[in-house]
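Colleague: Below is start_23.txt; it holds compact mmCIF, C-alpha atoms.
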```txt
# COMPACT_ATOMS: atom_id res chain seq x y z
CA MET A 2 70.05 50.65 -209.53
CA ARG A 3 67.62 48.49 -211.46
CA ALA A 4 66.92 46.40 -208.37
CA ARG A 5 66.17 49.53 -206.32
CA LEU A 6 63.84 50.84 -209.04
CA LYS A 7 62.06 47.51 -209.12
CA GLU A 8 61.68 47.53 -205.34
CA PHE A 9 60.36 51.09 -205.46
CA GLU A 10 57.74 50.23 -208.06
CA SER A 11 56.72 47.19 -206.02
CA LEU A 12 56.29 49.24 -202.83
CA LYS A 13 54.38 51.98 -204.61
CA LYS A 14 52.06 49.48 -206.26
CA GLY A 15 51.62 47.71 -202.95
CA GLY A 16 50.65 51.00 -201.35
CA ASN A 17 48.18 51.78 -204.10
CA ASP A 18 46.63 48.31 -203.91
CA ALA A 19 46.33 48.51 -200.12
CA PHE A 20 44.74 51.95 -200.38
CA ALA A 21 42.22 50.74 -202.97
CA SER A 22 41.28 47.89 -200.63
CA GLY A 23 40.82 50.20 -197.66
CA ARG A 24 43.94 48.95 -195.83
CA TYR A 25 45.17 52.42 -195.03
CA ALA A 26 47.74 51.51 -192.38
CA GLU A 27 49.41 49.13 -194.83
CA ALA A 28 49.29 51.76 -197.59
CA ILE A 29 50.98 54.29 -195.30
CA GLU A 30 53.67 51.74 -194.45
CA LYS A 31 54.34 50.95 -198.13
CA TYR A 32 54.51 54.61 -199.18
CA THR A 33 56.90 55.35 -196.32
CA ALA A 34 59.17 52.45 -197.28
CA ALA A 35 59.16 53.63 -200.91
CA MET A 36 60.20 57.13 -199.86
CA ASP A 37 62.98 55.76 -197.68
CA LEU A 38 64.58 54.16 -200.73
CA ASP A 39 65.41 57.53 -202.26
CA PRO A 40 64.49 60.44 -199.93
CA SER A 41 66.48 62.93 -202.03
CA ASN A 42 64.34 62.37 -205.13
CA VAL A 43 61.92 65.29 -204.74
CA ASP A 44 59.74 64.33 -207.69
CA VAL A 45 59.16 60.86 -206.27
CA CYS A 46 58.63 62.18 -202.75
CA LEU A 47 56.13 64.76 -203.96
CA THR A 48 53.85 62.02 -205.29
CA LEU A 49 54.35 59.77 -202.29
CA TYR A 50 53.72 62.54 -199.76
CA THR A 51 50.36 63.31 -201.35
CA ASN A 52 49.50 59.61 -201.62
CA ARG A 53 50.40 59.04 -197.99
CA ALA A 54 48.48 62.16 -196.96
CA THR A 55 45.38 60.75 -198.66
CA ALA A 56 45.80 57.42 -196.87
CA LYS A 57 46.21 59.22 -193.53
CA PHE A 58 43.13 61.30 -194.28
CA ARG A 59 41.09 58.14 -194.87
CA ALA A 60 42.51 56.73 -191.63
CA LYS A 61 41.34 59.93 -189.89
CA ASP A 62 44.89 60.93 -188.98
CA TYR A 63 44.31 64.54 -189.93
CA PRO A 64 47.40 66.04 -188.26
CA GLY A 65 49.56 63.43 -189.98
CA ALA A 66 47.90 64.12 -193.33
CA ILE A 67 48.42 67.86 -192.90
CA ALA A 68 52.11 67.27 -192.13
CA ASP A 69 52.50 65.28 -195.36
CA CYS A 70 50.69 67.96 -197.33
CA ASP A 71 53.03 70.56 -195.80
CA ALA A 72 55.99 68.46 -196.94
CA ALA A 73 54.57 68.16 -200.46
CA LEU A 74 53.89 71.89 -200.63
CA GLY A 75 57.44 72.53 -199.43
CA ILE A 76 58.54 70.84 -202.64
CA GLN A 77 55.86 72.34 -204.89
CA PRO A 78 53.91 75.25 -203.31
CA ARG A 79 51.28 75.22 -206.05
CA HIS A 80 50.44 71.53 -205.91
CA PHE A 81 46.69 71.28 -206.43
CA LYS A 82 46.17 67.86 -204.88
CA ALA A 83 48.15 68.72 -201.73
CA LEU A 84 46.26 71.99 -201.28
CA MET A 85 42.90 70.26 -201.70
CA ARG A 86 43.82 67.45 -199.32
CA ARG A 87 45.12 69.83 -196.66
CA ALA A 88 41.97 71.92 -196.96
CA ALA A 89 39.83 68.80 -196.51
CA CYS A 90 41.81 67.92 -193.38
CA ARG A 91 41.26 71.40 -192.01
CA MET A 92 37.55 71.04 -192.60
CA GLU A 93 37.64 67.96 -190.38
CA THR A 94 39.63 69.77 -187.68
CA GLU A 95 37.25 72.77 -187.96
CA GLU A 96 40.00 75.19 -188.98
CA TRP A 97 37.60 76.93 -191.31
CA GLN A 98 39.66 79.98 -192.27
CA LYS A 99 42.74 77.89 -193.03
CA ALA A 100 40.58 75.59 -195.16
CA ILE A 101 39.25 78.61 -197.04
CA ASP A 102 42.80 79.86 -197.65
CA ASP A 103 43.83 76.47 -199.06
CA TYR A 104 40.77 76.14 -201.27
CA GLU A 105 41.31 79.64 -202.61
CA SER A 106 44.94 78.81 -203.38
CA ALA A 107 43.86 75.60 -205.12
CA LYS A 108 41.32 77.55 -207.16
CA GLU A 109 44.07 79.93 -208.28
CA VAL A 110 46.24 76.99 -209.32
CA GLU A 111 43.46 75.39 -211.41
CA PRO A 112 40.83 78.08 -212.06
CA ASP A 113 39.05 75.90 -214.62
CA ASN A 114 38.57 73.05 -212.16
CA VAL A 115 35.21 74.35 -210.93
CA ASN A 116 33.90 70.95 -209.88
CA GLN A 117 36.35 70.58 -206.98
CA ALA A 118 37.69 73.77 -205.44
CA GLY A 119 34.59 75.89 -206.11
CA PRO A 120 31.94 73.89 -204.20
CA ALA A 121 34.40 73.01 -201.44
CA LEU A 122 35.31 76.68 -200.99
CA ARG A 123 31.65 77.65 -200.73
CA GLN A 124 31.06 74.98 -198.09
CA ALA A 125 34.08 76.12 -196.08
CA LYS A 126 32.73 79.68 -196.05
CA ILE A 127 29.34 78.41 -194.86
CA GLU A 128 31.01 76.46 -192.06
CA LEU A 129 33.01 79.52 -191.01
CA LYS A 130 29.83 81.57 -190.85
CA LYS A 131 28.06 78.84 -188.90
CA SER A 132 30.91 78.65 -186.39
CA LYS A 133 30.33 82.27 -185.42
CA ARG A 134 26.67 81.70 -184.53
CA LYS A 135 25.11 80.32 -181.40
CA ASP A 136 25.07 76.52 -181.77
CA LEU A 137 21.40 75.64 -181.39
CA TYR A 138 22.12 71.94 -181.34
CA LYS A 139 24.51 72.39 -178.44
CA VAL A 140 21.89 74.48 -176.59
CA LEU A 141 19.61 71.41 -176.65
CA GLY A 142 22.45 69.05 -175.79
CA VAL A 143 22.34 67.18 -179.10
CA THR A 144 24.62 66.86 -182.11
CA LYS A 145 24.09 68.41 -185.53
CA HIS A 146 23.17 64.92 -186.77
CA ALA A 147 20.30 64.58 -184.26
CA THR A 148 16.99 63.18 -185.48
CA ASP A 149 13.66 64.95 -184.86
CA HIS A 150 13.01 62.54 -181.99
CA GLU A 151 16.39 63.30 -180.41
CA ILE A 152 15.81 67.04 -180.77
CA LYS A 153 12.48 66.73 -178.95
CA LYS A 154 14.03 64.66 -176.18
CA GLY A 155 16.90 67.12 -175.90
CA TYR A 156 14.44 69.99 -175.58
CA LYS A 157 12.40 68.25 -172.90
CA LYS A 158 15.46 67.44 -170.84
CA SER A 159 17.04 70.90 -171.18
CA ALA A 160 13.79 72.80 -170.62
CA MET A 161 13.01 70.83 -167.49
CA GLN A 162 16.52 71.44 -166.17
CA TRP A 163 16.38 75.21 -166.72
CA HIS A 164 12.70 76.00 -166.16
CA PRO A 165 12.56 79.10 -163.88
CA ASP A 166 10.34 77.27 -161.37
CA ARG A 167 13.24 74.94 -160.63
CA HIS A 168 15.43 77.92 -159.73
CA SER A 169 12.91 80.03 -157.82
CA SER A 170 14.81 79.62 -154.56
CA GLY A 171 18.12 80.77 -156.02
CA THR A 172 19.71 84.19 -155.89
CA GLU A 173 18.49 86.93 -158.22
CA GLU A 174 21.55 86.33 -160.38
CA GLU A 175 20.87 82.58 -160.55
CA LYS A 176 17.20 83.13 -161.39
CA ALA A 177 18.11 85.59 -164.16
CA ALA A 178 20.64 83.13 -165.60
CA ALA A 179 18.05 80.32 -165.57
CA GLU A 180 15.46 82.52 -167.30
CA LEU A 181 17.98 83.43 -170.00
CA LYS A 182 18.97 79.81 -170.51
CA PHE A 183 15.33 78.73 -170.65
CA LYS A 184 14.62 81.37 -173.28
CA GLU A 185 17.61 80.24 -175.38
CA ILE A 186 16.36 76.63 -175.19
CA GLY A 187 12.94 77.74 -176.44
CA GLU A 188 14.51 79.70 -179.32
CA ALA A 189 16.64 76.72 -180.29
CA PHE A 190 13.64 74.41 -180.31
CA GLU A 191 11.55 76.86 -182.34
CA VAL A 192 14.11 76.64 -185.14
CA LEU A 193 15.16 72.99 -184.96
CA SER A 194 11.60 71.67 -184.68
CA ASP A 195 10.53 73.51 -187.83
CA PRO A 196 11.79 71.72 -190.99
CA GLN A 197 12.14 74.88 -193.08
CA LYS A 198 13.86 76.90 -190.36
CA LYS A 199 16.10 73.97 -189.48
CA ALA A 200 17.15 73.68 -193.12
CA GLN A 201 17.93 77.40 -193.23
CA PHE A 202 19.98 77.13 -190.05
CA ASP A 203 21.89 74.12 -191.40
CA GLN A 204 22.64 76.10 -194.57
CA GLY A 205 24.37 78.80 -192.55
CA MET A 206 21.67 81.37 -191.76
CA ASP A 207 21.59 82.89 -188.28
CA LEU A 208 18.55 83.46 -186.08
CA GLU A 209 18.01 87.05 -187.22
CA GLU A 210 17.98 86.00 -190.89
CA ILE A 211 15.66 83.07 -190.23
CA ASN A 212 13.12 84.89 -188.07
CA GLY A 213 13.43 88.07 -190.08
CA GLY A 214 12.42 86.35 -193.29
CA GLY A 215 15.93 86.45 -194.80
CA GLY A 216 15.46 82.99 -196.27
CA GLY A 217 11.94 83.48 -197.58
CA GLY A 218 9.26 83.39 -194.88
CA GLY A 219 6.67 80.83 -194.10
CA GLY A 220 7.36 77.70 -192.19
CA GLY A 221 5.02 78.35 -189.27
CA GLY A 222 7.07 77.76 -186.15
CA HIS A 223 6.59 79.50 -182.80
CA HIS A 224 8.37 82.79 -183.47
CA GLY A 225 7.73 85.29 -180.71
CA ILE A 226 5.92 82.90 -178.37
CA ASP A 227 6.55 83.05 -174.62
CA PRO A 228 9.00 80.22 -173.80
CA ASN A 229 6.76 79.19 -170.87
CA GLU A 230 3.82 78.88 -173.25
CA LEU A 231 5.95 76.86 -175.67
CA PHE A 232 6.93 74.61 -172.78
CA ARG A 233 3.28 74.03 -171.85
CA MET A 234 2.27 73.46 -175.46
CA PHE A 235 5.01 70.95 -176.00
CA ASN A 236 4.43 68.98 -172.80
CA GLY A 237 0.63 69.17 -172.71
CA GLY A 238 -1.39 68.88 -169.54
CA MET A 239 0.72 71.42 -167.70
CA GLY A 240 -2.28 73.46 -166.68
CA GLY A 241 -1.80 77.00 -165.44
CA GLY A 242 1.96 77.16 -165.64
CA GLY A 243 5.25 76.03 -164.29
CA PHE A 244 5.48 72.91 -162.14
CA PRO A 245 2.07 72.33 -160.48
CA GLY A 246 2.30 71.87 -156.75
CA GLY A 247 5.95 72.82 -156.76
CA MET A 248 8.67 70.33 -157.60
CA GLY A 249 6.59 67.56 -156.05
CA GLY A 250 4.25 67.81 -159.03
CA MET A 251 6.91 66.93 -161.56
CA PRO A 252 5.91 63.26 -162.12
CA GLY A 253 2.69 64.36 -163.83
CA MET A 254 4.30 66.72 -166.36
CA GLY A 255 2.57 65.57 -169.51
CA GLY A 256 4.77 62.55 -169.99
CA MET A 257 8.08 64.31 -169.36
CA PRO A 258 10.58 61.73 -168.06
CA ARG A 259 12.09 62.36 -164.66
CA ARG A 260 15.23 60.49 -165.48
CA GLY A 261 16.93 58.78 -168.39
CA ARG A 262 19.11 60.18 -171.14
CA PRO A 263 18.15 61.08 -174.67
CA GLY A 264 19.35 58.27 -176.85
CA GLY A 265 21.37 58.29 -179.98
CA PHE A 266 23.95 61.00 -179.39
```
Here is a file; write its structure as structure tokens.

Modeller:
Amino acid sequence: MRARLKEFESLKKGGNDAFASGRYAEAIEKYTAAMDLDPSNVDVCLTLYTNRATAKFRAKDYPGAIADCDAALGIQPRHFKALMRRAACRMETEEWQKAIDDYESAKEVEPDNVNQAGPALRQAKIELKKSKRKDLYKVLGVTKHATDHEIKKGYKKSAMQWHPDRHSSGTEEEKAAAELKFKEIGEAFEVLSDPQKKAQFDQGMDLEEINGGGGGGGGGGHHGIDPNELFRMFNGGMGGGGFPGGMGGMPGMGGMPRRGRPGGF
């Protein structure tokens, strides 16, 4: 019995040391071995499940971490650490409503712990709201971490691809779809090229709130401008409109590249 207890303590300490050093695979292995010594000891397993879940979270094994949190919560349904860890995993897997549910449960368990569950719950609600909006970054073909330079390159590439002049020989349905897409690209660029509007969008506001002054006006931008005019303003030297001389005039489009991919995303 004493030998088993000594081995358990050694494995647990080894797991903790490995975790502290960033060796998450080793930590997971040690915690698993420690649990295998006495799988019927629920108190021991409760701690080790949450420890292993944290190591899996750091290793970006979110499904595995959620499974360990589920096991811990099967032992103690009101375990604060397991609820918080599972919620964090669900934030990574973009299961916003489930993350909200877990954060709310954690807040009920420790209502005075305002520094953890409270801010995390607010962020989860923002992410849920953002998920229901049109993704302006995706419209421009960039990620939400895109730099200003990448946003501009994404706009140039997308606008050139969907400019109505490039689809003038298509069917009426195809031309209408291109015009709609081109307009959406212009709207996305209006917001993401304006620092104040971009900040409002990143904080969870939708287009109506931003352009309607819901976040406190100002910021300039190009609200209400014709997307063709925005295209000419951005690319400079476009002259009267569209692609001068048909598609053969594209090489002289104010520096717009004919080929190449926006870098960095």

Colleague: Restricting the calculation to all atoms listed in the file: of A:Ala73, A:Leu12, A:Ala160, A:Ile29, which residue gets closest to A:Lys184?

Modeller: A:Ala160

Colleague: So how far away is atom CA of A:Arg123 from atom CA of A:Asp203, in Å?

Modeller: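 Atom CA of A:Arg123 lies at a distance of 14.0 Å from atom CA of A:Asp203.
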
Colleague: Please provide the set of residues having any atom within 8 Å of stretch 139-148 of chain A, restricted to only C-alpha atoms, with same-chain residues fewer than 3 positions apart removed, written as JSON, numbers by chain.

Modeller: {"A": [136, 151, 152, 155, 156, 159, 185, 186, 189, 190, 265, 266]}

Colleague: Of the candidates A:Ala54, A:Leu47, A:Ala121, A:Ala88, which one gets nearest to A:Ala28 if we count all atoms listed in the file?

Modeller: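 Smallest distance to A:Ala28 is found for A:Ala54.
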
Colleague: Distance atom CA of A:Phe20-atom CA of A:Thr33, one decimal place?

Modeller: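 One can read the atom CA of A:Phe20 to atom CA of A:Thr33 distance as 13.3 Å.
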
Colleague: If you measure from atom CA of A:Ala72 to atom CA of A:Glu95, what distance in Å do you get, rounded to one decimal?

Modeller: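 Separation between atom CA of A:Ala72 and atom CA of A:Glu95: 21.2 Å.
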
Colleague: Compare A:Met92, A:Ala56, A:Ala4, A:Ala35 by their minimum atom-to-atom distance to A:Ile127, counting only C-alpha atoms, and give me the closest one.

Modeller: A:Met92

Colleague: Using only C-alpha atoms, pick whichever of A:Cys46, A:Ala60, A:Val115, A:Arg3 has the shortest atom-to-atom distance to A:Glu27.

Modeller: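 When distances to A:Glu27 are compared using only C-alpha atoms, the smallest one comes from A:Ala60.
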
Colleague: Mind listing as a PyMOL selection string all residues within 12 Å of (42.3, 80.3, -200.8), counting only C-alpha atoms?

Modeller: chain A and resi 79+81+84-85+87-88+97-112+118-119+121-123+125-126

Colleague: Can you complete the atoms of stretch 153-171 of chain A to N, CA and C atoms and list them as an mmCIF file, in the coordinates of the input?

Modeller:
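This went into rebuild-v1.cif:
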```
data_model
loop_
_atom_site.group_PDB
_atom_site.id
_atom_site.type_symbol
_atom_site.label_atom_id
_atom_site.label_comp_id
_atom_site.auth_asym_id
_atom_site.auth_seq_id
_atom_site.Cartn_x
_atom_site.Cartn_y
_atom_site.Cartn_z
ATOM 1 N N LYS A 153 13.585 66.584 -179.900
ATOM 2 C CA LYS A 153 12.480 66.730 -178.950
ATOM 3 C C LYS A 153 12.889 66.277 -177.552
ATOM 4 N N LYS A 154 13.584 65.154 -177.471
ATOM 5 C CA LYS A 154 14.030 64.660 -176.180
ATOM 6 C C LYS A 154 15.053 65.614 -175.556
ATOM 7 N N GLY A 155 15.922 66.165 -176.403
ATOM 8 C CA GLY A 155 16.900 67.120 -175.900
ATOM 9 C C GLY A 155 16.236 68.376 -175.361
ATOM 10 N N TYR A 156 15.184 68.821 -176.054
ATOM 11 C CA TYR A 156 14.440 69.990 -175.580
ATOM 12 C C TYR A 156 13.774 69.716 -174.245
ATOM 13 N N LYS A 157 13.112 68.586 -174.146
ATOM 14 C CA LYS A 157 12.400 68.250 -172.900
ATOM 15 C C LYS A 157 13.364 68.201 -171.721
ATOM 16 N N LYS A 158 14.493 67.564 -171.926
ATOM 17 C CA LYS A 158 15.460 67.440 -170.840
ATOM 18 C C LYS A 158 16.034 68.804 -170.451
ATOM 19 N N SER A 159 16.434 69.597 -171.457
ATOM 20 C CA SER A 159 17.040 70.900 -171.180
ATOM 21 C C SER A 159 16.039 71.878 -170.588
ATOM 22 N N ALA A 160 14.811 71.870 -171.122
ATOM 23 C CA ALA A 160 13.790 72.800 -170.620
ATOM 24 C C ALA A 160 13.414 72.471 -169.192
ATOM 25 N N MET A 161 13.325 71.206 -168.853
ATOM 26 C CA MET A 161 13.010 70.830 -167.490
ATOM 27 C C MET A 161 14.139 71.256 -166.543
ATOM 28 N N GLN A 162 15.367 71.089 -166.999
ATOM 29 C CA GLN A 162 16.520 71.440 -166.170
ATOM 30 C C GLN A 162 16.571 72.938 -165.869
ATOM 31 N N TRP A 163 16.200 73.763 -166.867
ATOM 32 C CA TRP A 163 16.380 75.210 -166.720
ATOM 33 C C TRP A 163 15.084 75.977 -166.552
ATOM 34 N N HIS A 164 13.951 75.281 -166.362
ATOM 35 C CA HIS A 164 12.700 76.000 -166.160
ATOM 36 C C HIS A 164 12.827 76.898 -164.918
ATOM 37 N N PRO A 165 12.404 78.165 -165.014
ATOM 38 C CA PRO A 165 12.560 79.100 -163.880
ATOM 39 C C PRO A 165 11.988 78.595 -162.569
ATOM 40 N N ASP A 166 10.923 77.771 -162.609
ATOM 41 C CA ASP A 166 10.340 77.270 -161.370
ATOM 42 C C ASP A 166 11.318 76.379 -160.592
ATOM 43 N N ARG A 167 12.258 75.793 -161.311
ATOM 44 C CA ARG A 167 13.240 74.940 -160.630
ATOM 45 C C ARG A 167 14.314 75.782 -159.948
ATOM 46 N N HIS A 168 14.385 77.055 -160.274
ATOM 47 C CA HIS A 168 15.430 77.920 -159.730
ATOM 48 C C HIS A 168 14.851 79.081 -158.938
ATOM 49 N N SER A 169 13.585 78.938 -158.517
ATOM 50 C CA SER A 169 12.910 80.030 -157.820
ATOM 51 C C SER A 169 13.508 80.343 -156.463
ATOM 52 N N SER A 170 14.221 79.390 -155.883
ATOM 53 C CA SER A 170 14.810 79.620 -154.560
ATOM 54 C C SER A 170 16.252 80.109 -154.649
ATOM 55 N N GLY A 171 16.745 80.310 -155.857
ATOM 56 C CA GLY A 171 18.120 80.770 -156.020
ATOM 57 C C GLY A 171 18.254 82.263 -155.838
#
```
